[in-house]
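Structure data follow from data_25.cif (mmCIF, C-alpha atoms):
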data_protein
#
loop_
_atom_site.label_atom_id
_atom_site.label_comp_id
_atom_site.auth_asym_id
_atom_site.auth_seq_id
_atom_site.Cartn_x
_atom_site.Cartn_y
_atom_site.Cartn_z
CA MET A 1363 210.95 -138.81 -32.78
CA ASN A 1364 208.74 -141.55 -34.17
CA ALA A 1365 208.96 -140.82 -37.90
CA PRO A 1366 209.49 -142.98 -40.97
CA ASP A 1367 212.09 -142.12 -43.60
CA PRO A 1368 210.82 -140.13 -46.60
CA PHE A 1369 208.76 -142.20 -49.04
CA THR A 1370 206.56 -141.75 -52.08
CA THR A 1371 203.23 -143.33 -53.03
CA LEU A 1372 201.55 -143.00 -56.42
CA LEU A 1373 197.94 -141.75 -56.30
CA ASP A 1374 195.69 -142.12 -59.32
CA LEU A 1375 194.16 -138.64 -59.45
CA GLU A 1376 191.01 -139.93 -61.15
CA ARG A 1377 190.31 -143.31 -59.53
CA GLY A 1378 192.06 -142.74 -56.20
CA SER A 1379 194.00 -146.01 -56.18
CA LEU A 1380 197.36 -146.05 -54.41
CA ASP A 1381 200.57 -147.78 -55.50
CA PRO A 1382 201.86 -149.49 -53.46
CA GLU A 1383 198.54 -150.43 -51.87
CA ARG A 1384 199.33 -150.90 -48.19
CA GLY A 1385 196.26 -150.93 -45.94
CA VAL A 1386 192.72 -151.53 -47.21
CA SER A 1387 189.57 -151.73 -45.13
CA GLU A 1388 186.13 -152.61 -46.48
CA THR A 1389 182.84 -151.66 -44.85
CA ARG A 1390 179.91 -153.86 -45.81
CA LEU A 1391 176.21 -153.06 -45.64
CA SER A 1392 175.82 -155.42 -42.67
CA GLU A 1393 178.22 -153.26 -40.63
CA ILE A 1394 176.44 -149.99 -41.30
CA MET A 1395 172.78 -151.01 -41.68
CA GLY A 1396 171.82 -149.79 -38.22
CA MET A 1397 172.72 -146.25 -39.23
CA TYR A 1398 169.99 -146.05 -41.87
CA LEU A 1399 166.39 -145.21 -41.00
CA GLU A 1400 165.03 -148.01 -43.15
CA GLU A 1401 166.11 -151.62 -43.41
CA ALA A 1402 168.36 -152.54 -46.26
CA ASP A 1403 166.74 -154.66 -48.93
CA GLY A 1404 170.14 -155.13 -50.54
CA VAL A 1405 172.59 -157.96 -50.06
CA GLU A 1406 174.18 -157.53 -46.65
CA ASP A 1407 177.69 -158.34 -47.77
CA THR A 1408 177.66 -155.61 -50.41
CA VAL A 1409 180.72 -153.39 -49.94
CA VAL A 1410 179.51 -149.81 -49.30
CA TYR A 1411 182.97 -148.25 -49.14
CA ARG A 1412 186.68 -149.01 -49.08
CA VAL A 1413 189.47 -147.02 -47.43
CA TYR A 1414 193.06 -147.29 -48.72
CA GLN A 1415 195.46 -145.86 -46.16
CA ILE A 1416 199.07 -144.68 -46.35
CA PRO A 1417 200.16 -145.88 -42.92
CA VAL A 1418 202.52 -143.89 -40.67
CA PRO A 1419 202.99 -143.96 -36.88
CA THR A 1420 199.89 -142.63 -35.12
CA THR A 1421 201.59 -139.72 -33.37
CA GLY A 1422 200.84 -136.03 -33.45
CA SER A 1423 203.93 -135.25 -35.52
CA ASN A 1424 202.85 -137.51 -38.40
CA LEU A 1425 200.06 -137.09 -40.96
CA LEU A 1426 197.81 -139.94 -41.99
CA SER A 1427 196.33 -139.97 -45.48
CA SER A 1428 193.92 -142.24 -47.29
CA THR A 1429 191.68 -142.65 -50.30
CA THR A 1430 188.01 -143.44 -49.65
CA VAL A 1431 185.84 -144.94 -52.41
CA ILE A 1432 182.07 -145.04 -51.74
CA GLU A 1433 180.01 -147.16 -54.12
CA PRO A 1434 176.80 -145.61 -55.47
CA GLY A 1435 173.51 -146.88 -54.03
CA VAL A 1436 170.66 -146.22 -51.61
CA VAL A 1437 169.15 -147.87 -48.54
CA GLY A 1438 165.53 -146.79 -48.51
CA ARG A 1439 165.83 -143.12 -49.51
CA GLU A 1440 169.28 -142.66 -47.92
CA TYR A 1441 172.39 -142.69 -50.09
CA HIS A 1442 175.40 -144.87 -49.42
CA MET A 1443 177.66 -143.16 -46.89
CA THR A 1444 180.52 -143.66 -44.49
CA LYS A 1445 179.79 -144.42 -40.84
CA GLY A 1446 181.07 -141.00 -39.84
CA HIS A 1447 183.06 -140.19 -36.74
CA PHE A 1448 184.46 -137.55 -34.45
CA HIS A 1449 188.20 -137.58 -33.96
CA ALA A 1450 189.02 -139.16 -30.61
CA VAL A 1451 191.25 -136.13 -30.04
CA ARG A 1452 188.37 -133.76 -30.68
CA ASP A 1453 190.17 -130.67 -31.92
CA ARG A 1454 192.00 -132.34 -34.83
CA ALA A 1455 191.10 -131.05 -38.29
CA GLU A 1456 190.97 -132.97 -41.60
CA ILE A 1457 191.26 -132.01 -45.27
CA TYR A 1458 189.41 -133.83 -48.09
CA VAL A 1459 190.34 -133.54 -51.75
CA CYS A 1460 187.60 -135.00 -53.94
CA LEU A 1461 188.86 -136.81 -57.05
CA SER A 1462 185.63 -138.02 -58.67
CA GLY A 1463 181.91 -138.51 -58.21
CA GLU A 1464 179.34 -136.34 -56.52
CA GLY A 1465 178.83 -136.20 -52.79
CA ARG A 1466 177.87 -134.31 -49.69
CA LEU A 1467 180.08 -133.96 -46.65
CA VAL A 1468 177.84 -133.90 -43.58
CA MET A 1469 179.43 -132.44 -40.46
CA ALA A 1470 178.18 -131.83 -36.93
CA THR A 1471 179.40 -130.56 -33.59
CA GLU A 1472 178.58 -132.22 -30.29
CA ASP A 1473 176.29 -129.33 -29.39
CA GLY A 1474 174.14 -129.94 -32.45
CA ARG A 1475 175.40 -127.52 -35.12
CA HIS A 1476 175.59 -129.01 -38.59
CA ALA A 1477 176.99 -128.19 -42.01
CA VAL A 1478 176.65 -129.85 -45.40
CA GLU A 1479 179.35 -129.13 -47.99
CA PRO A 1480 179.47 -130.20 -51.65
CA MET A 1481 181.97 -132.78 -52.92
CA SER A 1482 182.89 -133.12 -56.58
CA ARG A 1483 186.14 -133.35 -58.54
CA GLY A 1484 188.53 -130.75 -57.13
CA THR A 1485 186.62 -129.69 -54.02
CA VAL A 1486 188.87 -129.26 -50.98
CA ASN A 1487 186.71 -129.56 -47.88
CA TYR A 1488 188.00 -128.27 -44.56
CA VAL A 1489 186.72 -130.29 -41.59
CA PRO A 1490 187.61 -128.14 -38.57
CA GLY A 1491 188.47 -129.63 -35.20
CA GLY A 1492 185.38 -130.60 -33.22
CA TRP A 1493 183.23 -131.53 -36.23
CA ALA A 1494 182.14 -135.13 -36.82
CA HIS A 1495 182.20 -135.93 -40.53
CA ARG A 1496 180.40 -138.35 -42.84
CA SER A 1497 180.61 -138.44 -46.61
CA VAL A 1498 177.59 -139.36 -48.70
CA ASN A 1499 177.63 -140.52 -52.34
CA VAL A 1500 174.68 -138.76 -54.02
CA GLY A 1501 175.71 -139.65 -57.59
CA ASP A 1502 175.53 -142.65 -59.91
CA GLU A 1503 179.29 -143.28 -59.92
CA GLN A 1504 181.87 -143.98 -57.22
CA LEU A 1505 182.61 -141.04 -54.88
CA VAL A 1506 186.39 -140.88 -54.46
CA PHE A 1507 188.33 -138.57 -52.15
CA PHE A 1508 191.80 -138.29 -50.65
CA ALA A 1509 191.98 -137.25 -46.97
CA VAL A 1510 194.81 -135.96 -44.76
CA TYR A 1511 194.60 -135.76 -40.95
CA PRO A 1512 196.95 -135.72 -37.95
CA GLY A 1513 198.39 -139.09 -36.98
CA ASP A 1514 197.10 -138.81 -33.42
CA ALA A 1515 193.51 -137.79 -34.32
CA GLY A 1516 192.01 -141.23 -33.68
CA TYR A 1517 188.43 -142.28 -34.38
CA ASP A 1518 185.37 -142.01 -32.14
CA TYR A 1519 182.62 -143.92 -33.98
CA GLY A 1520 180.58 -144.59 -30.83
CA THR A 1521 179.14 -141.10 -30.39
CA ILE A 1522 177.71 -141.08 -33.92
CA GLU A 1523 176.48 -144.68 -33.66
CA LYS A 1524 174.54 -143.65 -30.57
CA GLU A 1525 173.41 -140.13 -31.47
CA GLY A 1526 173.46 -139.97 -35.27
CA PHE A 1527 173.90 -136.77 -37.27
CA PRO A 1528 171.34 -133.92 -36.98
CA VAL A 1529 170.52 -134.28 -40.70
CA LEU A 1530 170.24 -137.01 -43.33
CA VAL A 1531 170.86 -136.77 -47.06
CA VAL A 1532 168.07 -138.53 -48.97
CA ALA A 1533 167.11 -139.04 -52.60
CA ASP A 1534 164.25 -136.78 -53.60
CA GLU A 1535 162.60 -136.69 -57.03
CA SER A 1536 164.58 -133.55 -57.82
CA GLY A 1537 167.87 -134.90 -56.44
CA PRO A 1538 169.59 -135.05 -53.07
CA GLU A 1539 167.75 -133.37 -50.21
CA VAL A 1540 168.90 -132.63 -46.66
CA ILE A 1541 166.25 -133.43 -44.04
CA PRO A 1542 166.26 -133.45 -40.21
CA ASN A 1543 167.17 -136.82 -38.71
CA PRO A 1544 164.10 -137.93 -36.69
CA ARG A 1545 166.29 -140.23 -34.59
CA TYR A 1546 168.97 -137.63 -33.77
CA LYS A 1547 170.09 -138.11 -30.15
CA THR A 1548 166.92 -140.11 -29.37
CA ALA A 1549 168.92 -143.06 -28.04
CA SER A 1550 170.83 -140.88 -25.59
CA ARG A 1551 167.58 -139.09 -24.61
CA ASP A 1552 165.98 -142.47 -23.92
CA GLU A 1553 168.94 -143.41 -21.75
CA ALA A 1554 168.65 -140.16 -19.81
CA ARG A 1555 165.02 -140.83 -18.87
CA MET B 1493 189.24 -124.12 -29.71
CA ASN B 1494 190.52 -121.85 -32.44
CA ALA B 1495 188.85 -123.35 -35.49
CA PRO B 1496 187.00 -121.89 -38.46
CA ASP B 1497 183.59 -123.17 -39.55
CA PRO B 1498 183.61 -125.82 -42.30
CA PHE B 1499 184.36 -124.41 -45.74
CA THR B 1500 185.15 -125.61 -49.25
CA THR B 1501 187.71 -124.44 -51.81
CA LEU B 1502 187.86 -125.55 -55.42
CA LEU B 1503 191.24 -126.92 -56.53
CA ASP B 1504 192.03 -127.30 -60.23
CA LEU B 1505 193.52 -130.82 -60.22
CA GLU B 1506 195.64 -130.06 -63.28
CA ARG B 1507 196.78 -126.46 -62.88
CA GLY B 1508 196.60 -126.21 -59.09
CA SER B 1509 194.68 -122.94 -58.98
CA LEU B 1510 192.36 -122.35 -56.02
CA ASP B 1511 188.90 -120.76 -56.05
CA PRO B 1512 188.47 -118.59 -54.09
CA GLU B 1513 192.10 -117.47 -54.23
CA ARG B 1514 192.90 -116.21 -50.74
CA GLY B 1515 196.61 -115.82 -50.03
CA VAL B 1516 199.28 -115.68 -52.74
CA SER B 1517 203.00 -115.17 -52.24
CA GLU B 1518 205.54 -114.77 -55.04
CA THR B 1519 209.24 -115.52 -54.75
CA ARG B 1520 211.41 -113.70 -57.29
CA LEU B 1521 214.87 -114.61 -58.48
CA SER B 1522 216.35 -111.71 -56.53
CA GLU B 1523 215.11 -113.26 -53.25
CA ILE B 1524 216.59 -116.69 -53.87
CA MET B 1525 219.72 -115.92 -55.94
CA GLY B 1526 222.08 -116.43 -53.00
CA MET B 1527 221.02 -120.06 -52.78
CA TYR B 1528 222.42 -120.94 -56.19
CA LEU B 1529 226.11 -121.73 -56.73
CA GLU B 1530 226.32 -119.53 -59.80
CA GLU B 1531 225.06 -116.04 -60.34
CA ALA B 1532 221.80 -115.63 -62.16
CA ASP B 1533 222.06 -114.21 -65.63
CA GLY B 1534 218.27 -113.93 -65.76
CA VAL B 1535 216.12 -110.97 -64.93
CA GLU B 1536 216.10 -110.58 -61.17
CA ASP B 1537 212.41 -109.86 -60.88
CA THR B 1538 211.47 -113.10 -62.66
CA VAL B 1539 209.00 -115.02 -60.51
CA VAL B 1540 210.53 -118.42 -59.66
CA TYR B 1541 207.51 -119.75 -57.76
CA ARG B 1542 204.13 -118.82 -56.36
CA VAL B 1543 202.36 -120.28 -53.31
CA TYR B 1544 198.56 -120.11 -53.04
CA GLN B 1545 197.49 -120.84 -49.48
CA ILE B 1546 194.19 -121.87 -47.90
CA PRO B 1547 194.54 -119.92 -44.66
CA VAL B 1548 193.42 -121.26 -41.27
CA PRO B 1549 194.55 -120.36 -37.74
CA THR B 1550 198.16 -121.41 -37.17
CA THR B 1551 197.47 -123.79 -34.30
CA GLY B 1552 198.28 -127.46 -33.88
CA SER B 1553 194.65 -128.50 -34.27
CA ASN B 1554 194.36 -126.97 -37.75
CA LEU B 1555 195.86 -128.07 -41.07
CA LEU B 1556 197.35 -125.61 -43.54
CA SER B 1557 197.26 -126.41 -47.23
CA SER B 1558 198.60 -124.71 -50.32
CA THR B 1559 199.38 -125.04 -53.99
CA THR B 1560 202.95 -124.31 -55.11
CA VAL B 1561 203.71 -123.54 -58.75
CA ILE B 1562 207.41 -123.49 -59.75
CA GLU B 1563 208.21 -122.01 -63.16
CA PRO B 1564 210.66 -123.97 -65.33
CA GLY B 1565 214.17 -122.61 -65.68
CA VAL B 1566 217.80 -122.85 -64.58
CA VAL B 1567 220.37 -120.65 -62.84
CA GLY B 1568 223.72 -121.88 -64.06
CA ARG B 1569 223.20 -125.65 -64.04
CA GLU B 1570 220.73 -125.59 -61.12
CA TYR B 1571 217.02 -125.88 -61.77
CA HIS B 1572 214.44 -123.46 -60.40
CA MET B 1573 213.53 -124.49 -56.88
CA THR B 1574 211.87 -123.34 -53.67
CA LYS B 1575 214.00 -121.85 -50.90
CA GLY B 1576 213.40 -124.91 -48.76
CA HIS B 1577 212.92 -124.95 -45.00
CA PHE B 1578 212.71 -126.96 -41.84
CA HIS B 1579 209.51 -126.64 -39.88
CA ALA B 1580 210.08 -124.34 -36.91
CA VAL B 1581 208.42 -127.07 -34.83
CA ARG B 1582 210.89 -129.65 -36.08
CA ASP B 1583 208.87 -132.84 -35.75
CA ARG B 1584 205.94 -131.77 -37.95
CA ALA B 1585 205.39 -133.82 -41.12
CA GLU B 1586 204.06 -132.66 -44.50
CA ILE B 1587 202.33 -134.35 -47.42
CA TYR B 1588 202.77 -133.29 -51.07
CA VAL B 1589 200.42 -134.31 -53.87
CA CYS B 1590 201.95 -133.48 -57.25
CA LEU B 1591 199.45 -132.33 -59.88
CA SER B 1592 201.65 -131.66 -62.90
CA GLY B 1593 205.20 -131.27 -64.14
CA GLU B 1594 208.33 -133.14 -63.23
CA GLY B 1595 210.35 -132.47 -60.10
CA ARG B 1596 212.59 -133.71 -57.35
CA LEU B 1597 211.84 -133.29 -53.67
CA VAL B 1598 215.16 -132.79 -51.87
CA MET B 1599 215.05 -133.47 -48.13
CA ALA B 1600 217.69 -133.37 -45.39
CA THR B 1601 217.99 -133.83 -41.65
CA GLU B 1602 220.02 -131.55 -39.43
CA ASP B 1603 222.62 -134.27 -38.94
CA GLY B 1604 223.28 -134.44 -42.68
CA ARG B 1605 221.17 -137.31 -44.01
CA HIS B 1606 219.49 -136.59 -47.32
CA ALA B 1607 216.83 -138.06 -49.59
CA VAL B 1608 215.67 -137.18 -53.10
CA GLU B 1609 212.19 -138.33 -54.11
CA PRO B 1610 210.52 -138.06 -57.53
CA MET B 1611 207.61 -135.71 -58.19
CA SER B 1612 205.23 -136.12 -61.12
CA ARG B 1613 201.47 -136.15 -61.56
CA GLY B 1614 199.98 -138.28 -58.76
CA THR B 1615 203.06 -138.73 -56.59
CA VAL B 1616 202.28 -138.39 -52.88
CA ASN B 1617 205.51 -137.53 -51.09
CA TYR B 1618 205.77 -138.02 -47.33
CA VAL B 1619 208.06 -135.47 -45.66
CA PRO B 1620 208.59 -136.87 -42.16
CA GLY B 1621 209.13 -134.66 -39.15
CA GLY B 1622 212.71 -133.44 -38.88
CA TRP B 1623 213.39 -133.27 -42.63
CA ALA B 1624 213.97 -129.93 -44.38
CA HIS B 1625 212.34 -129.94 -47.81
CA ARG B 1626 212.92 -128.17 -51.10
CA SER B 1627 211.16 -128.89 -54.39
CA VAL B 1628 213.00 -128.57 -57.68
CA ASN B 1629 211.42 -128.22 -61.13
CA VAL B 1630 213.49 -130.45 -63.45
CA GLY B 1631 211.05 -130.29 -66.38
CA ASP B 1632 210.10 -127.89 -69.16
CA GLU B 1633 206.65 -127.09 -67.75
CA GLN B 1634 205.38 -125.71 -64.45
CA LEU B 1635 205.83 -128.02 -61.45
CA VAL B 1636 202.56 -127.93 -59.47
CA PHE B 1637 201.85 -129.58 -56.13
CA PHE B 1638 199.33 -129.37 -53.31
CA ALA B 1639 200.73 -129.59 -49.76
CA VAL B 1640 199.13 -130.23 -46.36
CA TYR B 1641 200.88 -129.62 -43.03
CA PRO B 1642 200.00 -128.90 -39.39
CA GLY B 1643 198.93 -125.33 -38.68
CA ASP B 1644 201.59 -124.90 -35.99
CA ALA B 1645 204.52 -126.27 -38.06
CA GLY B 1646 205.98 -122.85 -38.84
CA TYR B 1647 208.91 -122.14 -41.16
CA ASP B 1648 212.63 -122.06 -40.38
CA TYR B 1649 214.27 -120.72 -43.54
CA GLY B 1650 217.40 -119.50 -41.76
CA THR B 1651 219.06 -122.87 -41.20
CA ILE B 1652 218.91 -123.72 -44.91
CA GLU B 1653 219.96 -120.20 -45.96
CA LYS B 1654 223.05 -120.65 -43.80
CA GLU B 1655 223.87 -124.34 -44.30
CA GLY B 1656 222.26 -125.31 -47.61
CA PHE B 1657 221.20 -128.84 -48.52
CA PRO B 1658 223.78 -131.66 -48.71
CA VAL B 1659 222.98 -132.15 -52.41
CA LEU B 1660 222.02 -130.07 -55.45
CA VAL B 1661 219.94 -131.07 -58.44
CA VAL B 1662 221.62 -129.90 -61.65
CA ALA B 1663 220.96 -130.23 -65.38
CA ASP B 1664 223.27 -132.79 -66.94
CA GLU B 1665 223.35 -133.70 -70.65
CA SER B 1666 221.37 -136.83 -69.85
CA GLY B 1667 218.87 -135.05 -67.58
CA PRO B 1668 218.70 -134.10 -63.92
CA GLU B 1669 221.61 -135.23 -61.79
CA VAL B 1670 222.08 -135.13 -58.00
CA ILE B 1671 225.52 -133.88 -56.95
CA PRO B 1672 227.09 -133.06 -53.56
CA ASN B 1673 226.74 -129.40 -52.57
CA PRO B 1674 230.30 -128.03 -52.28
CA ARG B 1675 229.07 -125.23 -50.02
CA TYR B 1676 227.08 -127.46 -47.63
CA LYS B 1677 227.55 -126.18 -44.06
CA THR B 1678 230.66 -124.22 -45.10
CA ALA B 1679 229.26 -120.96 -43.72
CA SER B 1680 228.63 -122.51 -40.31
CA ARG B 1681 232.07 -124.20 -40.40
CA ASP B 1682 233.68 -120.83 -41.15
CA GLU B 1683 231.84 -119.32 -38.19
CA ALA B 1684 233.02 -122.13 -35.92
CA ARG B 1685 236.70 -121.47 -36.69
#

So, in terms of structure tokens, how does the structure I just supplied come out?
Amino acid sequence: MNAPDPFTTLLDLERGSLDPERGVSETRLSEIMGMYLEEADGVEDTVVYRVYQIPVPTTGSNLLSSTTVIEPGVVGREYHMTKGHFHAVRDRAEIYVCLSGEGRLVMATEDGRHAVEPMSRGTVNYVPGGWAHRSVNVGDEQLVFFAVYPGDAGYDYGTIEKEGFPVLVVADESGPEVIPNPRYKTASRDEAR
Amino acid sequence: MNAPDPFTTLLDLERGSLDPERGVSETRLSEIMGMYLEEADGVEDTVVYRVYQIPVPTTGSNLLSSTTVIEPGVVGREYHMTKGHFHAVRDRAEIYVCLSGEGRLVMATEDGRHAVEPMSRGTVNYVPGGWAHRSVNVGDEQLVFFAVYPGDAGYDYGTIEKEGFPVLVVADESGPEVIPNPRYKTASRDEAR
């Protein structure tokens, strides 16, 4: 059995920070720009989001967990968001507990179904197996959530990079609005021609 | 794939209550009395703890989650606690996020190793695969935590009912103290004679 000994991490239930802080990854605007419809007029090295992980062996008997912090902001009309991914092992679920901010969790299946769930302090979102997931910060403050998922789930970013999500969350005068993604699966359709 | 559609539950990040409230189980003193060294002088139908679950199919691709609320109290010198169990599928891990109160998470392997980790607001306890786990309320208020574990983990209560944990958490004049359990594995030793 590939398991660590029991251990405890301290999670700030408002800001999401972890103590001890073990693994941190930053995603900058330059790494995610291609996912927005419009070109960023912001500074390309702006950090869009950070993920703080509690590392364990990446096997099916372990559970990975992490805090994600998405900075507020827009690129064109689209809000700051995570890249979004399917799990490499498709049927693995994930649970999000939102700690602060206001967001939307955009999910999609490979056959084109989609769902958009609310995120705010205390929401527990269930991401079922088979659903790609992207979180979007629609507020003026940081969006902070704690996630738990199976250690063997893995990450498939490529499918979303190529196909996109069926819908986008954009800033409308009256607030966040969900609109169809005009580029959804266009790249793969072009390839198929 | 046996997965629900995406859904969202609201978790009170202080009190642990869930909205909507779907599955609740109550464990009364009468059901857990045999696990204490001394006899309870309390009222047998006192609720020791409640578990509020977010139900999903019990398969390995899903994740179960629940809030546990342990009422404060003692039986003899032992604090109120959960029954404690191994996962039926032994290697499945579990993650606890404590929301309020003060507790100890007692864990043990089948070969007799044990660990006692602290629980207080914001602690994230990692229960690795292979470790039985019991939470103990050592404070004067409710101990509240949110747990996530694989849908196929299952519950083996019988091994703990028979063997106990290697250690007990008891109230000492200076606060909670961890002592060896004089009855640990005595029942199974008696059977082996």

Please identify every residue of chain B that has at least one atom no more than 7 Å from any atom of chain A, counting only C-alpha atoms, and report them as a tab-separated table (two decimals) with C-alpha atoms, keeping the file's coordinate frame.
chain	number	residue	atom	x	y	z
B	1493	MET	CA	189.24	-124.12	-29.71
B	1495	ALA	CA	188.85	-123.35	-35.49
B	1496	PRO	CA	187.00	-121.89	-38.46
B	1497	ASP	CA	183.59	-123.17	-39.55
B	1498	PRO	CA	183.61	-125.82	-42.30
B	1499	PHE	CA	184.36	-124.41	-45.74
B	1500	THR	CA	185.15	-125.61	-49.25
B	1501	THR	CA	187.71	-124.44	-51.81
B	1502	LEU	CA	187.86	-125.55	-55.42
B	1503	LEU	CA	191.24	-126.92	-56.53
B	1504	ASP	CA	192.03	-127.30	-60.23
B	1505	LEU	CA	193.52	-130.82	-60.22
B	1553	SER	CA	194.65	-128.50	-34.27
B	1554	ASN	CA	194.36	-126.97	-37.75
B	1555	LEU	CA	195.86	-128.07	-41.07
B	1583	ASP	CA	208.87	-132.84	-35.75
B	1584	ARG	CA	205.94	-131.77	-37.95
B	1585	ALA	CA	205.39	-133.82	-41.12
B	1586	GLU	CA	204.06	-132.66	-44.50
B	1609	GLU	CA	212.19	-138.33	-54.11
B	1614	GLY	CA	199.98	-138.28	-58.76
B	1615	THR	CA	203.06	-138.73	-56.59
B	1616	VAL	CA	202.28	-138.39	-52.88
B	1617	ASN	CA	205.51	-137.53	-51.09
B	1618	TYR	CA	205.77	-138.02	-47.33
B	1619	VAL	CA	208.06	-135.47	-45.66
B	1620	PRO	CA	208.59	-136.87	-42.16
B	1621	GLY	CA	209.13	-134.66	-39.15

- Evaluate the PyMOL selection byres ((chain A and resi 1431) around 12) here and jot the selected residues down as a count of residues only. 41

- To verify the selection step, state as a PyMOL selection string which residues the PyMOL selection byres ((chain A and resi 1519-1521) around 7) yields on this input. chain A and resi 1446-1448+1517-1518+1522-1525

- Identify all residues satisfying the PyMOL selection byres ((chain A and resi 1408) around 6) in the given file; provide them as a PyMOL selection string. chain A and resi 1390-1391+1405-1407+1409

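Take the candidates B:Asp1644, B:Gly1631, B:Glu1531, B:Thr1550 and check each one against Pro1668 (chain B) using all atoms listed in the file; the shortest distance goes to B:Gly1631.
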
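As for CA of Phe1527 (chain A) and CA of Arg1466 (chain A), they are spaced 13.3 Å apart.
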
- Figure out the distance between CA of Arg1439 (chain A) and CA of Ser1536 (chain A), please, to one decimal in Å.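 Atom-to-atom, CA of Ser1536 (chain A) and CA of Arg1439 (chain A) are spaced 12.7 Å apart.
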
- Message: Between A:Pro1542, A:Gly1385, A:Gly1474, A:Gly1516, which residue has the minimum interatomic distance to Thr1421 (chain A), considering all atoms listed in the file?
- Response: A:Gly1516

- How many Å separate CA of Val1670 (chain B) from CA of Ser1522 (chain B)?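 Straight-line distance from CA of Val1670 (chain B) to CA of Ser1522 (chain B) works out to 24.2 Å.
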